[in-house]
Amino acid sequence: MSADDPRRNRHNLFAMLANVLLGGLAAGALWCVLSLTTDHDTTFLVVPLALAIAWFLRWQGYRERTGAFCAVGATLIAFVYAQYLFAAVNMAQLLGFPLRDTLFRMDFGLAWQLVRAHLGIRDAAFLTTACAAALWIGLRK
C-alpha cells in the first residue's frame, strides 16, 4: 500500500482508536484495582495515569495534536470507566452481590446516579489537571 492509499489511513485510524480505547480502559481498571486495595482517597491517581497514557501514546508514535487528542480522550475514558467501576463496587457492597454479577446487571441510569452522588469539585479538579497534563505531554515536540 502506498502512503496515499485510503485503506492505509483507515488502518491508522483504527489503530489510533484502539490505542485510545484500550489504554483508557486499562488505566481505569488499574485505578479501580489500586483504589480497592487502599482505604485512602485515590482520586489523585488520575494524574499519573494520564501521564502514563500520554507517554505510552507518544511511544506509539502519536505526537503533537493527534497525540494530545488521543491522550485527553484516553484520560476521559479512564475516568468514566473507573467511575462506572466504583459505582458497581459500591452497589455490590450495599446489596451483598458479587461484583461480577453487579457489573453485568447494573442499569446505566443507576450507575449514573451513583457516580453523580459521589463526584465532587476535587474530582473535577484532578480530572482537569490530568487532562491538562496529558495535553501537555501530547503537544510536546
# chains A, B, ... in the order shown; residues from 1 in each chain; ligands from 1
call {"tool": "closest_atom_pairs", "arguments": {"of": "range 93-134 of chain A", "to": "range 71-80 of chain A", "cutoff": "8 Å", "atoms": "only C-alpha atoms", "output": "tab-separated table"}}
result
residue	atom	partner	partner_atom	distance
A:Leu127	CA	A:Phe79	CA	7.6
A:Ala130	CA	A:Thr75	CA	7.3
A:Cys131	CA	A:Val72	CA	5.3
A:Ala132	CA	A:Val72	CA	8.0
A:Ala134	CA	A:Ala71	CA	5.4
call {"tool": "residues_around", "arguments": {"residues": "Ile137 in chain A", "least_positions_apart": "5", "cutoff": "12 Å", "atoms": "only C-alpha atoms", "output": "count of residues only"}}
result
26
call {"tool": "residues_around", "arguments": {"residues": "Leu36 in chain A", "least_positions_apart": "4", "cutoff": "12 Å", "atoms": "only C-alpha atoms", "output": "PDB file with all heavy atoms, in the first residue's frame"}}
result
ATOM      1  N   ALA A  29      -9.340   0.555  34.834  1.00  0.00           N
ATOM      2  CA  ALA A  29      -9.359  -0.675  35.623  1.00  0.00           C
ATOM      3  C   ALA A  29      -8.227  -0.684  36.652  1.00  0.00           C
ATOM      4  O   ALA A  29      -8.422  -1.088  37.806  1.00  0.00           O
ATOM      5  CB  ALA A  29      -9.260  -1.884  34.702  1.00  0.00           C
ATOM      6  N   LEU A  30      -7.040  -0.227  36.246  1.00  0.00           N
ATOM      7  CA  LEU A  30      -5.920  -0.161  37.171  1.00  0.00           C
ATOM      8  C   LEU A  30      -6.220   0.793  38.315  1.00  0.00           C
ATOM      9  O   LEU A  30      -5.935   0.497  39.482  1.00  0.00           O
ATOM     10  CB  LEU A  30      -4.649   0.274  36.435  1.00  0.00           C
ATOM     11  CG  LEU A  30      -3.391   0.427  37.290  1.00  0.00           C
ATOM     12  CD1 LEU A  30      -3.005  -0.915  37.913  1.00  0.00           C
ATOM     13  CD2 LEU A  30      -2.260   0.987  36.459  1.00  0.00           C
ATOM     14  N   TRP A  31      -6.794   1.942  38.004  1.00  0.00           N
ATOM     15  CA  TRP A  31      -7.167   2.916  39.035  1.00  0.00           C
ATOM     16  C   TRP A  31      -8.147   2.292  40.026  1.00  0.00           C
ATOM     17  O   TRP A  31      -8.012   2.447  41.241  1.00  0.00           O
ATOM     18  CB  TRP A  31      -7.748   4.141  38.368  1.00  0.00           C
ATOM     19  CG  TRP A  31      -8.153   5.260  39.271  1.00  0.00           C
ATOM     20  CD1 TRP A  31      -7.842   5.415  40.593  1.00  0.00           C
ATOM     21  CD2 TRP A  31      -8.931   6.388  38.915  1.00  0.00           C
ATOM     22  NE1 TRP A  31      -8.392   6.575  41.066  1.00  0.00           N
ATOM     23  CE2 TRP A  31      -9.064   7.189  40.053  1.00  0.00           C
ATOM     24  CE3 TRP A  31      -9.535   6.794  37.736  1.00  0.00           C
ATOM     25  CZ2 TRP A  31      -9.771   8.379  40.054  1.00  0.00           C
ATOM     26  CZ3 TRP A  31     -10.242   7.975  37.724  1.00  0.00           C
ATOM     27  CH2 TRP A  31     -10.353   8.766  38.868  1.00  0.00           C
ATOM     28  N   CYS A  32      -9.131   1.566  39.524  1.00  0.00           N
ATOM     29  CA  CYS A  32     -10.113   0.945  40.397  1.00  0.00           C
ATOM     30  C   CYS A  32      -9.474  -0.129  41.280  1.00  0.00           C
ATOM     31  O   CYS A  32      -9.735  -0.196  42.481  1.00  0.00           O
ATOM     32  CB  CYS A  32     -11.252   0.349  39.584  1.00  0.00           C
ATOM     33  SG  CYS A  32     -12.607  -0.254  40.611  1.00  0.00           S
ATOM     34  N   HIS A  40      -7.555   4.827  51.488  1.00  0.00           N
ATOM     35  CA  HIS A  40      -7.419   6.262  51.268  1.00  0.00           C
ATOM     36  C   HIS A  40      -8.088   6.684  49.956  1.00  0.00           C
ATOM     37  O   HIS A  40      -8.337   5.863  49.073  1.00  0.00           O
ATOM     38  CB  HIS A  40      -5.933   6.659  51.241  1.00  0.00           C
ATOM     39  CG  HIS A  40      -5.210   6.263  52.485  1.00  0.00           C
ATOM     40  ND1 HIS A  40      -5.440   6.845  53.705  1.00  0.00           N
ATOM     41  CD2 HIS A  40      -4.262   5.321  52.700  1.00  0.00           C
ATOM     42  CE1 HIS A  40      -4.667   6.294  54.614  1.00  0.00           C
ATOM     43  NE2 HIS A  40      -3.938   5.356  54.032  1.00  0.00           N
ATOM     44  N   ASP A  41      -8.334   7.978  49.843  1.00  0.00           N
ATOM     45  CA  ASP A  41      -8.895   8.523  48.612  1.00  0.00           C
ATOM     46  C   ASP A  41      -7.820   8.482  47.523  1.00  0.00           C
ATOM     47  O   ASP A  41      -6.711   8.982  47.718  1.00  0.00           O
ATOM     48  CB  ASP A  41      -9.359   9.959  48.855  1.00  0.00           C
ATOM     49  CG  ASP A  41     -10.035  10.555  47.646  1.00  0.00           C
ATOM     50  OD1 ASP A  41     -10.504   9.782  46.790  1.00  0.00           O
ATOM     51  OD2 ASP A  41     -10.099  11.785  47.558  1.00  0.00           O
ATOM     52  N   THR A  42      -8.149   7.884  46.403  1.00  0.00           N
ATOM     53  CA  THR A  42      -7.165   7.717  45.326  1.00  0.00           C
ATOM     54  C   THR A  42      -7.522   8.554  44.101  1.00  0.00           C
ATOM     55  O   THR A  42      -7.109   8.220  42.995  1.00  0.00           O
ATOM     56  CB  THR A  42      -7.064   6.240  44.922  1.00  0.00           C
ATOM     57  OG1 THR A  42      -8.356   5.788  44.525  1.00  0.00           O
ATOM     58  CG2 THR A  42      -6.525   5.387  46.043  1.00  0.00           C
ATOM     59  N   ALA A  82     -13.522   4.171  35.269  1.00  0.00           N
ATOM     60  CA  ALA A  82     -13.237   3.994  36.699  1.00  0.00           C
ATOM     61  C   ALA A  82     -14.447   4.397  37.540  1.00  0.00           C
ATOM     62  O   ALA A  82     -14.776   3.713  38.519  1.00  0.00           O
ATOM     63  CB  ALA A  82     -12.010   4.807  37.097  1.00  0.00           C
ATOM     64  N   LEU A  85     -16.877   1.615  37.409  1.00  0.00           N
ATOM     65  CA  LEU A  85     -16.438   0.508  38.259  1.00  0.00           C
ATOM     66  C   LEU A  85     -16.627   0.831  39.734  1.00  0.00           C
ATOM     67  O   LEU A  85     -17.031  -0.036  40.519  1.00  0.00           O
ATOM     68  CB  LEU A  85     -14.972   0.173  37.966  1.00  0.00           C
ATOM     69  CG  LEU A  85     -14.691  -0.454  36.605  1.00  0.00           C
ATOM     70  CD1 LEU A  85     -13.190  -0.622  36.401  1.00  0.00           C
ATOM     71  CD2 LEU A  85     -15.406  -1.776  36.456  1.00  0.00           C
ATOM     72  N   PHE A  86     -16.346   2.077  40.129  1.00  0.00           N
ATOM     73  CA  PHE A  86     -16.569   2.474  41.522  1.00  0.00           C
ATOM     74  C   PHE A  86     -18.047   2.362  41.887  1.00  0.00           C
ATOM     75  O   PHE A  86     -18.397   1.918  42.990  1.00  0.00           O
ATOM     76  CB  PHE A  86     -16.088   3.902  41.772  1.00  0.00           C
ATOM     77  CG  PHE A  86     -14.601   4.077  41.672  1.00  0.00           C
ATOM     78  CD1 PHE A  86     -14.077   5.259  41.181  1.00  0.00           C
ATOM     79  CD2 PHE A  86     -13.724   3.092  42.060  1.00  0.00           C
ATOM     80  CE1 PHE A  86     -12.706   5.437  41.085  1.00  0.00           C
ATOM     81  CE2 PHE A  86     -12.355   3.255  41.967  1.00  0.00           C
ATOM     82  CZ  PHE A  86     -11.842   4.434  41.477  1.00  0.00           C
ATOM     83  N   VAL A  89     -18.856  -1.292  42.361  1.00  0.00           N
ATOM     84  CA  VAL A  89     -18.318  -1.776  43.635  1.00  0.00           C
ATOM     85  C   VAL A  89     -19.202  -1.322  44.784  1.00  0.00           C
ATOM     86  O   VAL A  89     -19.532  -2.111  45.686  1.00  0.00           O
ATOM     87  CB  VAL A  89     -16.858  -1.297  43.830  1.00  0.00           C
ATOM     88  CG1 VAL A  89     -16.391  -1.514  45.257  1.00  0.00           C
ATOM     89  CG2 VAL A  89     -15.937  -2.017  42.860  1.00  0.00           C
ATOM     90  N   ASN A  90     -19.617  -0.047  44.766  1.00  0.00           N
ATOM     91  CA  ASN A  90     -20.498   0.451  45.825  1.00  0.00           C
ATOM     92  C   ASN A  90     -21.820  -0.307  45.845  1.00  0.00           C
ATOM     93  O   ASN A  90     -22.318  -0.669  46.915  1.00  0.00           O
ATOM     94  CB  ASN A  90     -20.759   1.949  45.646  1.00  0.00           C
ATOM     95  CG  ASN A  90     -19.560   2.776  46.002  1.00  0.00           C
ATOM     96  OD1 ASN A  90     -18.712   2.354  46.776  1.00  0.00           O
ATOM     97  ND2 ASN A  90     -19.471   3.959  45.429  1.00  0.00           N
ATOM     98  N   GLN A  93     -21.323  -3.827  47.210  1.00  0.00           N
ATOM     99  CA  GLN A  93     -21.132  -3.825  48.658  1.00  0.00           C
ATOM    100  C   GLN A  93     -22.443  -3.548  49.391  1.00  0.00           C
ATOM    101  O   GLN A  93     -22.718  -4.161  50.421  1.00  0.00           O
ATOM    102  CB  GLN A  93     -20.095  -2.783  49.057  1.00  0.00           C
ATOM    103  CG  GLN A  93     -18.686  -3.178  48.716  1.00  0.00           C
ATOM    104  CD  GLN A  93     -17.684  -2.084  49.052  1.00  0.00           C
ATOM    105  OE1 GLN A  93     -18.036  -0.933  49.245  1.00  0.00           O
ATOM    106  NE2 GLN A  93     -16.415  -2.462  49.110  1.00  0.00           N
TER     107      GLN A  93
END
call {"tool": "select_by_dssp", "arguments": {"residues": "chain A", "states": "helix (DSSP H, G or I)", "output": "PyMOL selection string"}}
result
chain A and resi 6-36+43-59+64-95+99-105+108-118+121-139
call {"tool": "atom_distance", "arguments": {"atom1": "CA of Leu25 in chain A", "atom2": "CA of Leu45 in chain A"}}
result
14.5 Å
call {"tool": "atom_distance", "arguments": {"atom1": "CA of Leu99 in chain A", "atom2": "CA of Arg116 in chain A"}}
result
20.1 Å
call {"tool": "atom_distance", "arguments": {"atom1": "CA of Val115 in chain A", "atom2": "CA of Thr102 in chain A"}}
result
15.0 Å
call {"tool": "decode", "arguments": {"residues": "range 56-104 of chain A", "atoms": "N, CA and C atoms", "output": "compact mmCIF listing (two decimals), in the first residue's frame"}}
result
# COMPACT_ATOMS: atom_id res chain seq x y z
N PHE A 56 2.74 6.63 26.80
CA PHE A 56 2.53 5.43 26.00
C PHE A 56 2.13 5.78 24.58
N LEU A 57 1.21 6.74 24.43
CA LEU A 57 0.77 7.13 23.09
C LEU A 57 1.90 7.81 22.31
N ARG A 58 2.74 8.57 22.99
CA ARG A 58 3.92 9.15 22.32
C ARG A 58 4.84 8.03 21.84
N TRP A 59 5.01 7.02 22.67
CA TRP A 59 5.86 5.89 22.31
C TRP A 59 5.28 5.16 21.10
N GLN A 60 3.95 5.15 20.99
CA GLN A 60 3.29 4.54 19.85
C GLN A 60 3.41 5.39 18.58
N GLY A 61 3.85 6.64 18.73
CA GLY A 61 4.05 7.50 17.56
C GLY A 61 3.02 8.59 17.39
N TYR A 62 2.13 8.76 18.35
CA TYR A 62 1.10 9.81 18.26
C TYR A 62 1.62 11.05 18.98
N ARG A 63 2.01 12.04 18.19
CA ARG A 63 2.60 13.26 18.73
C ARG A 63 1.80 14.47 18.27
N GLU A 64 2.12 15.59 18.89
CA GLU A 64 1.53 16.89 18.60
C GLU A 64 0.02 16.84 18.76
N ARG A 65 -0.75 17.41 17.81
CA ARG A 65 -2.21 17.49 18.01
C ARG A 65 -2.86 16.12 18.11
N THR A 66 -2.44 15.19 17.28
CA THR A 66 -3.02 13.85 17.33
C THR A 66 -2.74 13.18 18.67
N GLY A 67 -1.52 13.30 19.13
CA GLY A 67 -1.15 12.73 20.42
C GLY A 67 -1.90 13.38 21.57
N ALA A 68 -2.06 14.68 21.50
CA ALA A 68 -2.78 15.39 22.56
C ALA A 68 -4.25 14.97 22.58
N PHE A 69 -4.86 14.90 21.40
CA PHE A 69 -6.26 14.47 21.31
C PHE A 69 -6.43 13.06 21.85
N CYS A 70 -5.54 12.18 21.46
CA CYS A 70 -5.62 10.79 21.92
C CYS A 70 -5.40 10.69 23.43
N ALA A 71 -4.43 11.42 23.96
CA ALA A 71 -4.13 11.35 25.39
C ALA A 71 -5.30 11.87 26.23
N VAL A 72 -5.88 12.97 25.82
CA VAL A 72 -7.02 13.52 26.56
C VAL A 72 -8.22 12.58 26.45
N GLY A 73 -8.46 12.06 25.25
CA GLY A 73 -9.57 11.12 25.07
C GLY A 73 -9.42 9.87 25.92
N ALA A 74 -8.21 9.31 25.96
CA ALA A 74 -7.97 8.12 26.76
C ALA A 74 -8.10 8.43 28.25
N THR A 75 -7.68 9.62 28.66
CA THR A 75 -7.82 10.02 30.06
C THR A 75 -9.29 10.13 30.44
N LEU A 76 -10.10 10.71 29.57
CA LEU A 76 -11.54 10.81 29.84
C LEU A 76 -12.19 9.43 29.88
N ILE A 77 -11.78 8.54 28.99
CA ILE A 77 -12.30 7.17 29.01
C ILE A 77 -11.92 6.49 30.32
N ALA A 78 -10.68 6.66 30.75
CA ALA A 78 -10.23 6.06 32.01
C ALA A 78 -11.06 6.58 33.18
N PHE A 79 -11.33 7.88 33.20
CA PHE A 79 -12.10 8.48 34.28
C PHE A 79 -13.53 7.93 34.30
N VAL A 80 -14.16 7.92 33.15
CA VAL A 80 -15.55 7.44 33.08
C VAL A 80 -15.64 5.96 33.44
N TYR A 81 -14.72 5.16 32.93
CA TYR A 81 -14.74 3.73 33.22
C TYR A 81 -14.47 3.47 34.70
N ALA A 82 -13.52 4.17 35.27
CA ALA A 82 -13.24 3.99 36.70
C ALA A 82 -14.45 4.40 37.54
N GLN A 83 -15.12 5.47 37.16
CA GLN A 83 -16.31 5.88 37.92
C GLN A 83 -17.42 4.83 37.81
N TYR A 84 -17.56 4.22 36.65
CA TYR A 84 -18.53 3.14 36.50
C TYR A 84 -18.16 1.95 37.38
N LEU A 85 -16.88 1.61 37.41
CA LEU A 85 -16.44 0.51 38.26
C LEU A 85 -16.63 0.83 39.73
N PHE A 86 -16.35 2.08 40.13
CA PHE A 86 -16.57 2.47 41.52
C PHE A 86 -18.05 2.36 41.89
N ALA A 87 -18.93 2.76 40.98
CA ALA A 87 -20.37 2.65 41.22
C ALA A 87 -20.77 1.19 41.36
N ALA A 88 -20.22 0.32 40.53
CA ALA A 88 -20.53 -1.11 40.61
C ALA A 88 -20.03 -1.70 41.93
N VAL A 89 -18.86 -1.29 42.36
CA VAL A 89 -18.32 -1.78 43.64
C VAL A 89 -19.20 -1.32 44.78
N ASN A 90 -19.62 -0.05 44.77
CA ASN A 90 -20.50 0.45 45.83
C ASN A 90 -21.82 -0.31 45.85
N MET A 91 -22.39 -0.53 44.68
CA MET A 91 -23.66 -1.25 44.61
C MET A 91 -23.50 -2.69 45.09
N ALA A 92 -22.42 -3.34 44.70
CA ALA A 92 -22.19 -4.72 45.12
C ALA A 92 -22.02 -4.79 46.64
N GLN A 93 -21.32 -3.83 47.21
CA GLN A 93 -21.13 -3.83 48.66
C GLN A 93 -22.44 -3.55 49.39
N LEU A 94 -23.25 -2.63 48.86
CA LEU A 94 -24.51 -2.29 49.51
C LEU A 94 -25.50 -3.45 49.50
N LEU A 95 -25.57 -4.16 48.38
CA LEU A 95 -26.57 -5.22 48.24
C LEU A 95 -26.03 -6.61 48.56
N GLY A 96 -24.73 -6.74 48.71
CA GLY A 96 -24.15 -8.04 49.02
C GLY A 96 -24.06 -8.97 47.83
N PHE A 97 -24.09 -8.42 46.63
CA PHE A 97 -23.97 -9.22 45.42
C PHE A 97 -22.50 -9.36 45.03
N PRO A 98 -22.17 -10.40 44.29
CA PRO A 98 -20.81 -10.48 43.73
C PRO A 98 -20.58 -9.34 42.72
N LEU A 99 -19.36 -8.85 42.66
CA LEU A 99 -19.04 -7.73 41.78
C LEU A 99 -19.30 -8.07 40.32
N ARG A 100 -18.95 -9.27 39.93
CA ARG A 100 -19.14 -9.66 38.52
C ARG A 100 -20.62 -9.60 38.12
N ASP A 101 -21.50 -10.11 38.96
CA ASP A 101 -22.94 -10.05 38.66
C ASP A 101 -23.42 -8.60 38.61
N THR A 102 -22.92 -7.79 39.51
CA THR A 102 -23.32 -6.39 39.55
C THR A 102 -22.87 -5.66 38.29
N LEU A 103 -21.67 -5.94 37.81
CA LEU A 103 -21.16 -5.29 36.59
C LEU A 103 -22.05 -5.59 35.39
N PHE A 104 -22.54 -6.82 35.30
CA PHE A 104 -23.32 -7.20 34.14
C PHE A 104 -24.80 -6.83 34.26
